[in-house]
$ cat model.tsv   # TSV, C-alpha atoms
chain	number	residue	atom	x	y	z
A	6	MET	CA	170.08	131.24	78.24
A	7	GLY	CA	167.30	133.44	76.92
A	8	MET	CA	164.43	135.32	78.47
A	9	TRP	CA	160.99	134.19	79.52
A	10	LEU	CA	158.19	134.86	77.02
A	11	GLY	CA	155.61	133.34	79.30
A	12	ARG	CA	155.10	130.28	81.46
A	13	GLY	CA	157.36	127.48	80.27
A	14	ARG	CA	158.60	129.28	77.14
A	15	LYS	CA	161.95	131.02	76.71
A	16	ALA	CA	163.41	132.93	73.75
A	17	ARG	CA	166.95	133.95	72.95
A	18	ARG	CA	167.70	137.67	72.46
A	19	CYS	CA	169.13	138.28	68.98
A	20	TYR	CA	170.72	141.36	67.41
A	21	GLY	CA	170.73	143.29	64.16
A	22	PHE	CA	173.27	145.75	62.77
A	23	ASP	CA	171.60	148.83	64.28
A	24	GLU	CA	172.08	147.45	67.79
A	25	ILE	CA	175.86	147.00	67.83
A	26	ALA	CA	179.04	149.01	67.31
A	27	LEU	CA	182.71	148.20	66.76
A	28	VAL	CA	185.31	149.31	69.30
A	29	PRO	CA	188.46	151.05	67.93
A	30	GLY	CA	191.67	149.11	68.47
A	31	SER	CA	194.56	149.90	70.80
A	32	VAL	CA	196.70	149.73	67.65
A	33	THR	CA	195.62	151.45	64.44
A	34	ILE	CA	197.06	150.96	60.97
A	35	ASN	CA	197.15	152.82	57.67
A	36	PRO	CA	193.83	151.95	55.94
A	37	ASN	CA	195.67	151.74	52.61
A	38	GLU	CA	197.59	148.79	54.03
A	39	ALA	CA	194.47	146.82	55.00
A	40	ASP	CA	194.13	143.68	52.90
A	41	THR	CA	190.50	142.94	51.95
A	42	THR	CA	191.33	139.83	49.89
A	43	TRP	CA	189.22	136.73	50.46
A	44	GLU	CA	189.32	133.24	48.98
A	45	ILE	CA	186.64	130.85	47.77
A	46	GLY	CA	187.00	127.70	45.73
A	47	GLY	CA	190.77	128.12	45.57
A	48	ARG	CA	190.58	131.58	43.97
A	49	GLU	CA	191.32	134.94	45.55
A	50	TYR	CA	189.26	138.10	45.04
A	51	LYS	CA	190.34	141.60	46.03
A	52	VAL	CA	186.81	142.78	46.81
A	53	PRO	CA	184.92	140.71	49.44
A	54	ILE	CA	181.55	142.02	48.27
A	55	LEU	CA	179.18	140.13	45.99
A	56	ALA	CA	176.28	141.65	44.05
A	57	ALA	CA	173.07	139.75	44.79
A	58	ALA	CA	171.43	137.55	42.16
A	59	MET	CA	168.48	139.87	41.59
A	60	ASP	CA	167.22	140.88	38.16
A	61	GLY	CA	167.18	144.56	39.08
A	62	VAL	CA	170.84	144.38	40.13
A	63	VAL	CA	172.82	142.02	37.90
A	64	ASP	CA	172.83	141.50	34.14
A	65	VAL	CA	175.69	140.52	31.83
A	66	LYS	CA	177.16	144.03	31.60
A	67	PHE	CA	176.98	144.53	35.37
A	68	ALA	CA	178.68	141.18	36.01
A	69	ILE	CA	181.50	142.13	33.66
A	70	GLU	CA	182.03	145.52	35.35
A	71	MET	CA	181.92	144.04	38.85
A	72	SER	CA	184.50	141.44	37.88
A	73	ARG	CA	186.75	144.10	36.35
A	74	MET	CA	186.80	145.86	39.74
A	75	GLY	CA	187.77	142.71	41.63
A	76	GLY	CA	184.37	141.57	42.88
A	77	ILE	CA	181.72	139.03	41.97
A	78	ALA	CA	178.21	139.66	40.62
A	79	VAL	CA	175.84	136.68	40.63
A	80	LEU	CA	173.46	136.28	37.67
A	81	ASN	CA	169.99	134.90	38.39
A	82	LEU	CA	169.33	131.89	36.12
A	83	ASP	CA	165.66	131.87	37.11
A	84	GLY	CA	165.03	135.46	36.04
A	85	VAL	CA	164.34	137.58	32.99
A	86	GLN	CA	167.88	137.17	31.61
A	87	THR	CA	167.15	133.53	30.81
A	88	ARG	CA	163.47	133.88	29.94
A	89	TYR	CA	163.67	136.68	27.38
A	90	GLU	CA	166.00	137.27	24.45
A	91	ASN	CA	165.62	141.01	25.05
A	92	PRO	CA	165.44	141.39	28.86
A	93	GLU	CA	165.99	145.17	28.72
A	94	ALA	CA	162.44	145.73	27.46
A	95	ILE	CA	161.01	143.60	30.27
A	96	LEU	CA	163.07	145.38	32.92
A	97	LYS	CA	161.91	148.75	31.61
A	98	LYS	CA	158.29	147.61	31.87
A	99	ILE	CA	158.79	146.56	35.50
A	100	ALA	CA	160.52	149.83	36.40
A	101	SER	CA	157.73	151.94	34.90
A	102	ALA	CA	154.82	150.05	36.50
A	103	ASP	CA	152.59	151.65	39.14
A	104	PRO	CA	153.46	150.53	42.69
A	105	GLU	CA	150.05	148.89	43.07
A	106	GLU	CA	150.58	146.79	39.94
A	107	ALA	CA	154.30	145.99	40.26
A	108	THR	CA	154.10	142.63	42.05
A	109	LYS	CA	151.26	141.39	39.84
A	110	LEU	CA	153.22	142.41	36.74
A	111	VAL	CA	156.37	140.68	37.94
A	112	GLN	CA	154.39	137.50	38.62
A	113	SER	CA	152.98	137.51	35.09
A	114	LEU	CA	156.33	138.22	33.39
A	115	TYR	CA	158.05	135.33	35.18
A	116	VAL	CA	155.52	132.79	33.88
A	117	LYS	CA	157.42	132.51	30.59
A	118	PRO	CA	159.55	129.32	30.67
A	119	ILE	CA	163.31	129.50	31.14
A	120	ASN	CA	165.22	128.99	27.89
A	121	GLU	CA	168.25	126.78	28.50
A	122	LYS	CA	169.94	128.19	25.41
A	123	LEU	CA	169.83	131.63	27.05
A	124	ILE	CA	171.61	130.24	30.12
A	125	ILE	CA	174.48	129.20	27.88
A	126	LYS	CA	174.39	132.48	25.97
A	127	ARG	CA	174.50	134.72	29.07
A	128	ILE	CA	177.39	132.80	30.63
A	129	LYS	CA	179.37	132.86	27.39
A	130	GLU	CA	178.75	136.63	27.07
A	131	ILE	CA	180.31	137.14	30.50
A	132	LYS	CA	183.24	134.81	29.82
A	133	ALA	CA	183.90	136.49	26.46
A	134	LYS	CA	185.14	139.50	28.47
A	135	ASN	CA	187.31	137.30	30.74
A	136	ALA	CA	185.01	138.10	33.64
A	137	THR	CA	183.96	135.88	36.55
A	138	ALA	CA	180.69	134.13	35.71
A	139	ALA	CA	178.82	133.31	38.93
A	140	VAL	CA	175.25	132.09	38.53
A	141	SER	CA	172.39	131.25	40.87
A	142	THR	CA	169.33	129.01	40.82
A	143	ILE	CA	166.74	127.57	43.19
A	144	PRO	CA	167.09	123.99	44.52
A	145	GLN	CA	164.36	122.69	42.17
A	146	ASN	CA	166.44	123.65	39.12
A	147	THR	CA	169.82	122.65	40.54
A	148	GLU	CA	170.36	119.34	38.77
A	149	LYS	CA	168.91	120.63	35.51
A	150	PHE	CA	170.97	123.83	35.31
A	151	GLY	CA	174.17	122.78	37.10
A	152	LYS	CA	175.78	120.85	34.27
A	153	ILE	CA	174.53	123.34	31.67
A	154	ALA	CA	176.15	126.23	33.54
A	155	GLN	CA	179.37	124.32	34.14
A	156	ASP	CA	179.71	123.26	30.51
A	157	ALA	CA	179.02	126.83	29.38
A	158	GLY	CA	182.02	128.01	31.41
A	159	ALA	CA	180.54	129.24	34.69
A	160	ASP	CA	183.10	129.81	37.45
A	161	MET	CA	180.74	129.47	40.39
A	162	PHE	CA	177.31	127.92	41.00
A	163	VAL	CA	175.02	129.22	43.74
A	164	ILE	CA	172.02	127.27	45.02
A	165	GLN	CA	169.78	129.74	46.78
A	166	SER	CA	166.47	129.31	48.58
A	167	THR	CA	164.55	131.37	51.13
A	168	VAL	CA	165.38	128.61	53.63
A	169	ILE	CA	167.71	125.76	52.70
A	170	SER	CA	168.35	122.51	54.53
A	171	VAL	CA	170.04	119.20	53.84
A	172	ASN	CA	167.07	117.40	55.38
A	173	HIS	CA	164.30	118.77	53.16
A	174	GLN	CA	161.39	116.36	52.83
A	175	SER	CA	158.69	116.14	50.17
A	176	LYS	CA	156.30	113.56	48.72
A	177	GLU	CA	155.45	115.87	45.83
A	178	TYR	CA	158.86	116.17	44.13
A	179	LYS	CA	162.35	114.71	44.19
A	180	VAL	CA	164.61	116.30	46.80
A	181	VAL	CA	168.10	117.37	45.75
A	182	ASP	CA	170.99	115.42	47.26
A	183	PHE	CA	173.38	118.34	47.75
A	184	LYS	CA	176.36	116.19	48.69
A	185	LYS	CA	175.97	114.04	45.58
A	186	PHE	CA	175.42	117.08	43.36
A	187	ILE	CA	178.43	119.00	44.68
A	188	LYS	CA	180.63	115.93	44.25
A	189	SER	CA	179.58	115.78	40.59
A	190	MET	CA	180.50	119.44	39.96
A	191	LYS	CA	183.95	120.64	38.94
A	192	ILE	CA	183.29	124.26	39.96
A	193	PRO	CA	182.67	125.74	43.45
A	194	VAL	CA	179.11	125.45	44.74
A	195	ILE	CA	177.71	127.90	47.28
A	196	LEU	CA	174.64	126.97	49.35
A	197	GLY	CA	172.13	129.33	50.98
A	198	ASN	CA	170.37	130.62	52.83
A	199	CYS	CA	170.66	129.65	56.47
A	200	VAL	CA	170.84	131.36	59.87
A	201	THR	CA	171.61	128.64	62.42
A	202	TYR	CA	174.65	126.79	63.73
A	203	ASN	CA	173.39	123.25	63.16
A	204	VAL	CA	172.09	123.80	59.63
A	205	ALA	CA	175.35	125.54	58.70
A	206	LEU	CA	177.33	122.50	59.88
A	207	GLU	CA	175.15	120.18	57.80
A	208	LEU	CA	175.56	122.39	54.73
A	209	MET	CA	179.34	122.48	55.17
A	210	ASP	CA	179.37	118.69	55.39
A	211	THR	CA	177.99	118.50	51.83
A	212	GLY	CA	181.28	119.85	50.49
A	213	ALA	CA	179.94	123.32	49.74
A	214	SER	CA	182.57	125.94	48.91
A	215	GLY	CA	180.65	128.69	50.72
A	216	ILE	CA	177.53	129.34	52.80
A	217	LEU	CA	175.10	132.26	52.45
A	218	VAL	CA	173.77	133.66	55.74
A	219	GLY	CA	170.49	135.56	56.00
A	220	ILE	CA	166.76	134.97	55.88
A	221	GLY	CA	164.54	137.97	55.25
A	222	PRO	CA	166.81	140.98	55.92
A	223	GLY	CA	166.97	142.36	52.37
A	224	ALA	CA	165.38	145.68	51.46
A	225	ALA	CA	163.10	144.03	48.89
A	226	CYS	CA	162.34	140.92	50.95
A	227	THR	CA	159.05	140.50	52.81
A	228	THR	CA	159.64	136.98	54.14
A	229	ARG	CA	159.69	138.15	57.75
A	230	GLY	CA	156.33	139.82	57.32
A	231	VAL	CA	154.71	137.08	55.23
A	232	LEU	CA	156.08	134.01	57.02
A	233	GLY	CA	157.23	135.44	60.37
A	234	ILE	CA	160.64	133.75	60.14
A	235	GLY	CA	164.19	135.05	60.25
A	236	VAL	CA	167.09	135.78	62.58
A	237	PRO	CA	168.71	139.25	62.76
A	238	GLN	CA	171.97	139.30	60.85
A	239	VAL	CA	174.40	139.97	63.69
A	240	THR	CA	173.29	136.88	65.59
A	241	ALA	CA	172.90	134.78	62.43
A	242	THR	CA	176.39	135.66	61.19
A	243	THR	CA	177.99	135.05	64.58
A	244	ASP	CA	176.30	131.65	64.95
A	245	VAL	CA	177.25	130.48	61.45
A	246	ALA	CA	180.81	131.78	61.92
A	247	ALA	CA	181.04	129.62	65.05
A	248	ALA	CA	179.92	126.63	62.97
A	249	ARG	CA	182.55	127.42	60.34
A	250	ASP	CA	185.31	127.59	62.95
A	251	PHE	CA	184.20	124.34	64.63
A	252	TYR	CA	184.01	122.60	61.26
A	253	TYR	CA	187.52	123.81	60.39
A	254	LYS	CA	188.93	122.45	63.67
A	255	LYS	CA	187.13	119.16	63.13
A	256	THR	CA	187.94	118.59	59.43
A	257	GLY	CA	190.70	121.00	58.43
A	258	LYS	CA	188.43	122.47	55.75
A	259	TYR	CA	187.64	126.18	55.95
A	260	THR	CA	184.25	127.04	54.43
A	261	PRO	CA	183.83	130.82	53.98
A	262	ILE	CA	180.53	132.35	55.02
A	263	ILE	CA	178.84	135.19	53.14
A	264	THR	CA	176.44	137.47	55.01
A	265	ASP	CA	173.59	138.09	52.58
A	266	GLY	CA	171.28	141.09	52.98
A	267	GLY	CA	170.37	143.70	55.57
A	268	MET	CA	173.34	145.99	54.90
A	269	ASP	CA	172.50	149.43	53.54
A	270	SER	CA	175.74	151.25	54.34
A	271	GLY	CA	179.48	150.79	54.65
A	272	GLY	CA	179.08	150.66	58.43
A	273	ASP	CA	176.77	147.65	58.26
A	274	ILE	CA	179.21	145.85	55.97
A	275	CYS	CA	182.06	146.50	58.42
A	276	LYS	CA	179.94	145.10	61.26
A	277	ALA	CA	179.19	141.96	59.24
A	278	PHE	CA	182.91	141.22	58.91
A	279	ALA	CA	183.47	141.88	62.61
A	280	CYS	CA	180.73	139.33	63.34
A	281	GLY	CA	182.67	136.70	61.40
A	282	ALA	CA	181.77	137.06	57.72
A	283	ASP	CA	184.40	136.26	55.09
A	284	ALA	CA	182.45	138.21	52.46
A	285	VAL	CA	179.09	139.93	52.10
A	286	MET	CA	176.35	139.94	49.46
A	287	VAL	CA	174.35	143.12	48.89
A	288	GLY	CA	171.52	144.07	46.57
A	289	SER	CA	170.04	147.52	47.16
A	290	ALA	CA	173.45	149.21	47.35
A	291	PHE	CA	174.24	148.06	43.82
A	292	ALA	CA	170.70	148.58	42.53
A	293	ARG	CA	171.49	152.31	42.89
A	294	ALA	CA	174.27	152.09	40.29
A	295	LYS	CA	173.84	153.63	36.85
A	296	GLU	CA	174.87	150.29	35.38
A	297	ALA	CA	172.19	148.34	37.29
A	298	PRO	CA	169.52	146.91	34.92
A	299	GLY	CA	166.61	147.83	37.24
A	300	LYS	CA	167.03	151.56	36.61
A	301	GLY	CA	166.74	152.51	40.26
A	302	TYR	CA	164.39	149.65	41.23
A	303	HIS	CA	164.93	146.14	42.47
A	304	TRP	CA	162.79	143.29	43.70
A	305	GLY	CA	163.35	140.21	45.79
A	306	MET	CA	164.05	136.83	44.20
A	307	ALA	CA	160.79	135.47	45.69
A	308	THR	CA	158.63	138.33	44.36
A	309	PRO	CA	157.56	136.36	41.24
A	310	HIS	CA	156.11	133.49	43.31
A	311	ALA	CA	152.74	132.69	41.77
A	312	ASN	CA	150.77	132.21	44.99
A	313	LEU	CA	152.72	133.71	47.89
A	314	PRO	CA	155.26	136.38	46.89
A	315	ARG	CA	157.81	137.10	49.60
A	316	GLY	CA	159.33	140.19	48.08
A	317	THR	CA	158.31	143.51	46.63
A	318	ARG	CA	159.62	146.06	44.14
A	319	VAL	CA	161.43	148.84	45.96
A	320	ARG	CA	162.64	152.15	44.57
A	321	VAL	CA	166.20	152.94	45.60
A	322	GLY	CA	166.97	155.55	42.94
A	323	THR	CA	170.12	155.93	40.89
A	324	THR	CA	172.83	157.68	42.89
A	325	GLY	CA	176.14	157.02	41.13
A	326	THR	CA	178.26	154.71	39.05
A	327	LEU	CA	179.17	151.20	40.16
A	328	GLU	CA	182.75	152.35	40.61
A	329	GLU	CA	181.68	155.19	42.93
A	330	ILE	CA	179.51	152.85	44.99
A	331	LEU	CA	182.12	150.12	45.23
A	332	LEU	CA	185.47	151.91	45.15
A	333	GLY	CA	184.70	155.64	45.35
A	334	PRO	CA	185.20	158.47	45.46
A	335	ALA	CA	182.02	158.87	47.52
A	336	ARG	CA	179.84	161.80	46.50
A	337	LEU	CA	177.15	161.18	49.13
A	338	ASP	CA	177.34	161.58	52.91
A	339	ASP	CA	175.28	158.57	54.01
A	340	GLY	CA	177.72	155.67	53.75
A	341	SER	CA	176.17	154.23	50.59
A	342	GLN	CA	179.25	154.81	48.41
A	343	ASN	CA	182.90	153.69	48.45
A	344	LEU	CA	182.02	150.53	50.33
A	345	VAL	CA	185.51	149.06	49.99
A	346	GLY	CA	187.05	152.33	51.20
A	347	ALA	CA	184.76	152.26	54.24
A	348	LEU	CA	185.80	148.70	55.01
A	349	MET	CA	189.51	149.50	54.70
A	350	THR	CA	189.17	152.61	56.89
A	351	SER	CA	187.25	150.68	59.54
A	352	MET	CA	189.87	147.93	59.44
A	353	GLY	CA	192.56	150.55	59.96
A	354	ASN	CA	190.76	152.03	62.96
A	355	VAL	CA	190.25	148.70	64.70
A	356	GLY	CA	193.79	147.59	63.85
A	357	ALA	CA	192.89	144.76	61.47
A	358	ARG	CA	195.38	144.06	58.68
A	359	ASN	CA	193.16	141.50	56.96
A	360	ILE	CA	189.68	139.99	57.06
A	361	LYS	CA	190.71	137.33	59.58
A	362	GLU	CA	191.85	140.01	62.03
A	363	MET	CA	188.70	142.04	61.33
A	364	GLN	CA	186.67	139.05	62.54
A	365	MET	CA	188.33	139.43	65.96
A	366	THR	CA	187.18	143.03	66.47
A	367	GLU	CA	185.60	143.88	69.81
A	368	ILE	CA	181.85	144.38	69.49
A	369	ILE	CA	179.55	146.15	71.94
A	370	ILE	CA	175.76	146.30	72.23
A	371	ALA	CA	174.91	149.90	71.39
A	372	PRO	CA	171.26	150.55	70.43
A	373	SER	CA	171.86	154.32	70.40
A	374	ILE	CA	174.80	154.13	67.99
A	375	LYS	CA	172.86	155.66	65.08
A	376	THR	CA	170.92	158.24	67.07
A	377	GLU	CA	173.30	159.59	69.70
A	378	GLY	CA	174.11	163.22	68.90
A	379	LYS	CA	172.43	163.00	65.46
A	380	LEU	CA	169.33	165.11	66.15
A	381	MET	CA	170.28	167.80	63.60
A	382	GLN	CA	171.02	165.23	60.90
A	383	ARG	CA	167.62	163.63	61.45
A	384	ALA	CA	165.86	166.99	61.49
A	385	GLN	CA	167.57	168.11	58.28
A	386	ARG	CA	167.42	164.61	56.68
A	387	ILE	CA	171.13	164.58	55.88
A	388	GLY	CA	173.94	162.08	56.54
A	389	MET	CA	172.73	159.44	58.99
A	390	GLY	CA	169.33	161.14	59.20
A	391	LYS	CA	168.24	160.27	55.66
$ encode --input "model.tsv" --output "structure tokens"
Amino acid sequence: MGMWLGRGRKARRCYGFDEIALVPGSVTINPNEADTTWEIGGREYKVPILAAAMDGVVDVKFAIEMSRMGGIAVLNLDGVQTRYENPEAILKKIASADPEEATKLVQSLYVKPINEKLIIKRIKEIKAKNATAAVSTIPQNTEKFGKIAQDAGADMFVIQSTVISVNHQSKEYKVVDFKKFIKSMKIPVILGNCVTYNVALELMDTGASGILVGIGPGAACTTRGVLGIGVPQVTATTDVAAARDFYYKKTGKYTPIITDGGMDSGGDICKAFACGADAVMVGSAFARAKEAPGKGYHWGMATPHANLPRGTRVRVGTTGTLEEILLGPARLDDGSQNLVGALMTSMGNVGARNIKEMQMTEIIIAPSIKTEGKLMQRAQRIGMGK
């Protein structure tokens, strides 16, 4: 398996979304009858799309709106929402900064300590509107923030790192025992991020309610350039889905996987489900919403790192409301709006009545899928040529 790189060294060929396509089914169904419901932690959600825990994407108001539409928006507990009483002023400062100064500014603004009282306040603000309160933190803050978030009424706790593993080692600080922590929690805990079969199995064995898949594919992430690590999302999702299915056969427990990042259109989201995802997490798509706190900008969760930032501030613009982006009607021709409608239509065309059937879709390797016959669109910078 794999191809030779040189004498004595092989490498496996891996694939990203631009290199594959989905094959239409021999049976097609009415897209309106496609069921996009997914389940995590014993609860069902109509929309299998999560908004990423980035400060330019999710604040309290955004989380409430996303929940109202049947989805989940994850609030970053390590960001400006929990460091500043008035985060809007900070977000405005970041959005108006010169590109050359943006990363340095973000680093300086994230030096202010996290206020635990603000964690409680933000969660209670979300719950006051009967919305789903999903929150995220890095492994180092897991034990400190987990109980605080749970007691404040959070519905879901996400532990998110550039690269996560059960077997992390350090002489400098105490390593989190994920299995022990998850056992102590009364709410679902999602672990991420990973891209390999073996690590996914180990994460599932901790009792996690879900696994995030993806290292470095996000629009604002520079991990692949800074650290040289990552696995393209098609291969990563397929490998982790195989781990999920093996773990289910072995234990009887089904642990949903969430493909996180690298999807900038409805087509990419559809491909993620065909590769085995139970849900997807996106950032830049939602950063374009009028309701997004970043005002047309967003930045990776690792951008504030004091010594080695692995993200940057990207401008995505403001193109429509959250409802238009998530549920339509689409007013743009590039696949960036009505993401749920795109998924349902794709499911109809491949003959999938639900997410489980969508995961069985035939996939082909098709590196010309985005360029074949699209010369005029590229020349005129419209549709798929933008």
$ residues_around --input "model.tsv" --residues "Ala224 of chain A" --least-positions-apart "4" --cutoff "10 Å" --atoms "all atoms listed in the file" --output "PDB file with C-alpha atoms, keeping the file's coordinate frame"
ATOM      1  CA  GLY A 266     171.280 141.090  52.980  1.00  0.00           C
ATOM      2  CA  GLY A 267     170.370 143.700  55.570  1.00  0.00           C
ATOM      3  CA  MET A 268     173.340 145.990  54.900  1.00  0.00           C
ATOM      4  CA  ASP A 269     172.500 149.430  53.540  1.00  0.00           C
ATOM      5  CA  VAL A 287     174.350 143.120  48.890  1.00  0.00           C
ATOM      6  CA  GLY A 288     171.520 144.070  46.570  1.00  0.00           C
ATOM      7  CA  SER A 289     170.040 147.520  47.160  1.00  0.00           C
ATOM      8  CA  ALA A 290     173.450 149.210  47.350  1.00  0.00           C
ATOM      9  CA  HIS A 303     164.930 146.140  42.470  1.00  0.00           C
ATOM     10  CA  TRP A 304     162.790 143.290  43.700  1.00  0.00           C
ATOM     11  CA  GLY A 305     163.350 140.210  45.790  1.00  0.00           C
ATOM     12  CA  GLY A 316     159.330 140.190  48.080  1.00  0.00           C
ATOM     13  CA  THR A 317     158.310 143.510  46.630  1.00  0.00           C
ATOM     14  CA  ARG A 318     159.620 146.060  44.140  1.00  0.00           C
ATOM     15  CA  VAL A 319     161.430 148.840  45.960  1.00  0.00           C
ATOM     16  CA  ARG A 320     162.640 152.150  44.570  1.00  0.00           C
ATOM     17  CA  VAL A 321     166.200 152.940  45.600  1.00  0.00           C
TER      18      VAL A 321
END
$ atom_distance --input "model.tsv" --atom1 "atom CA of Val239 of chain A" --atom2 "atom CA of Gly21 of chain A"
5.0 Å
$ closest_residue --input "model.tsv" --among "A:Pro53, A:Val218, A:Asp83, A:Ile195" --to "Thr41 of chain A" --atoms "only C-alpha atoms"
A:Pro53
$ atom_distance --input "model.tsv" --atom1 "atom CA of Lys184 of chain A" --atom2 "atom CA of Ala154 of chain A"
18.2 Å
$ closest_residue --input "model.tsv" --among "A:Gly197, A:Pro29, A:Gly13, A:Gly158" --to "Gly215 of chain A" --atoms "all atoms listed in the file"
A:Gly197
$ closest_residue --input "model.tsv" --among "A:Asp338, A:Lys97, A:Asp156, A:Gln112" --to "Ile124 of chain A" --atoms "only C-alpha atoms"
A:Asp156
$ closest_atom_pairs --input "model.tsv" --of "segment 283-354 of chain A" --to "segment 160-166 of chain A" --cutoff "12 Å" --atoms "all atoms listed in the file" --output "Markdown table"
| residue | atom | partner | partner_atom | distance |
| --- | --- | --- | --- | --- |
| A:Gly305 | CA | A:Ser166 | CA | 11.7 |
| A:Met306 | CA | A:Ser166 | CA | 9.0 |
| A:Ala307 | CA | A:Ser166 | CA | 8.9 |
| A:Arg315 | CA | A:Ser166 | CA | 11.7 |
$ residues_around --input "model.tsv" --residues "segment 362-367 of chain A" --least-positions-apart "4" --cutoff "8 Å" --atoms "only C-alpha atoms" --output "list in words"
Leu27, Val28, Pro29, Gly30, Phe278, Ala279, Cys280, Gly281, Ala282, Met352, Val355, Gly356, Ala357 and Arg358 of chain A
$ residues_near_point --input "model.tsv" --point "(166.5, 131.3, 78.1)" --cutoff "9 Å" --atoms "all atoms listed in the file" --output "list in words"
Met6, Gly7, Met8, Trp9, Arg14, Lys15, Ala16, Arg17 and Arg18 of chain A
$ closest_residue --input "model.tsv" --among "A:Ile330, A:Val285, A:Leu206, A:Leu55" --to "Asp265 of chain A" --atoms "all atoms listed in the file"
A:Val285
$ closest_residue --input "model.tsv" --among "A:Thr324, A:Pro222, A:Gly299, A:Ile34" --to "Thr350 of chain A" --atoms "all atoms listed in the file"
A:Ile34
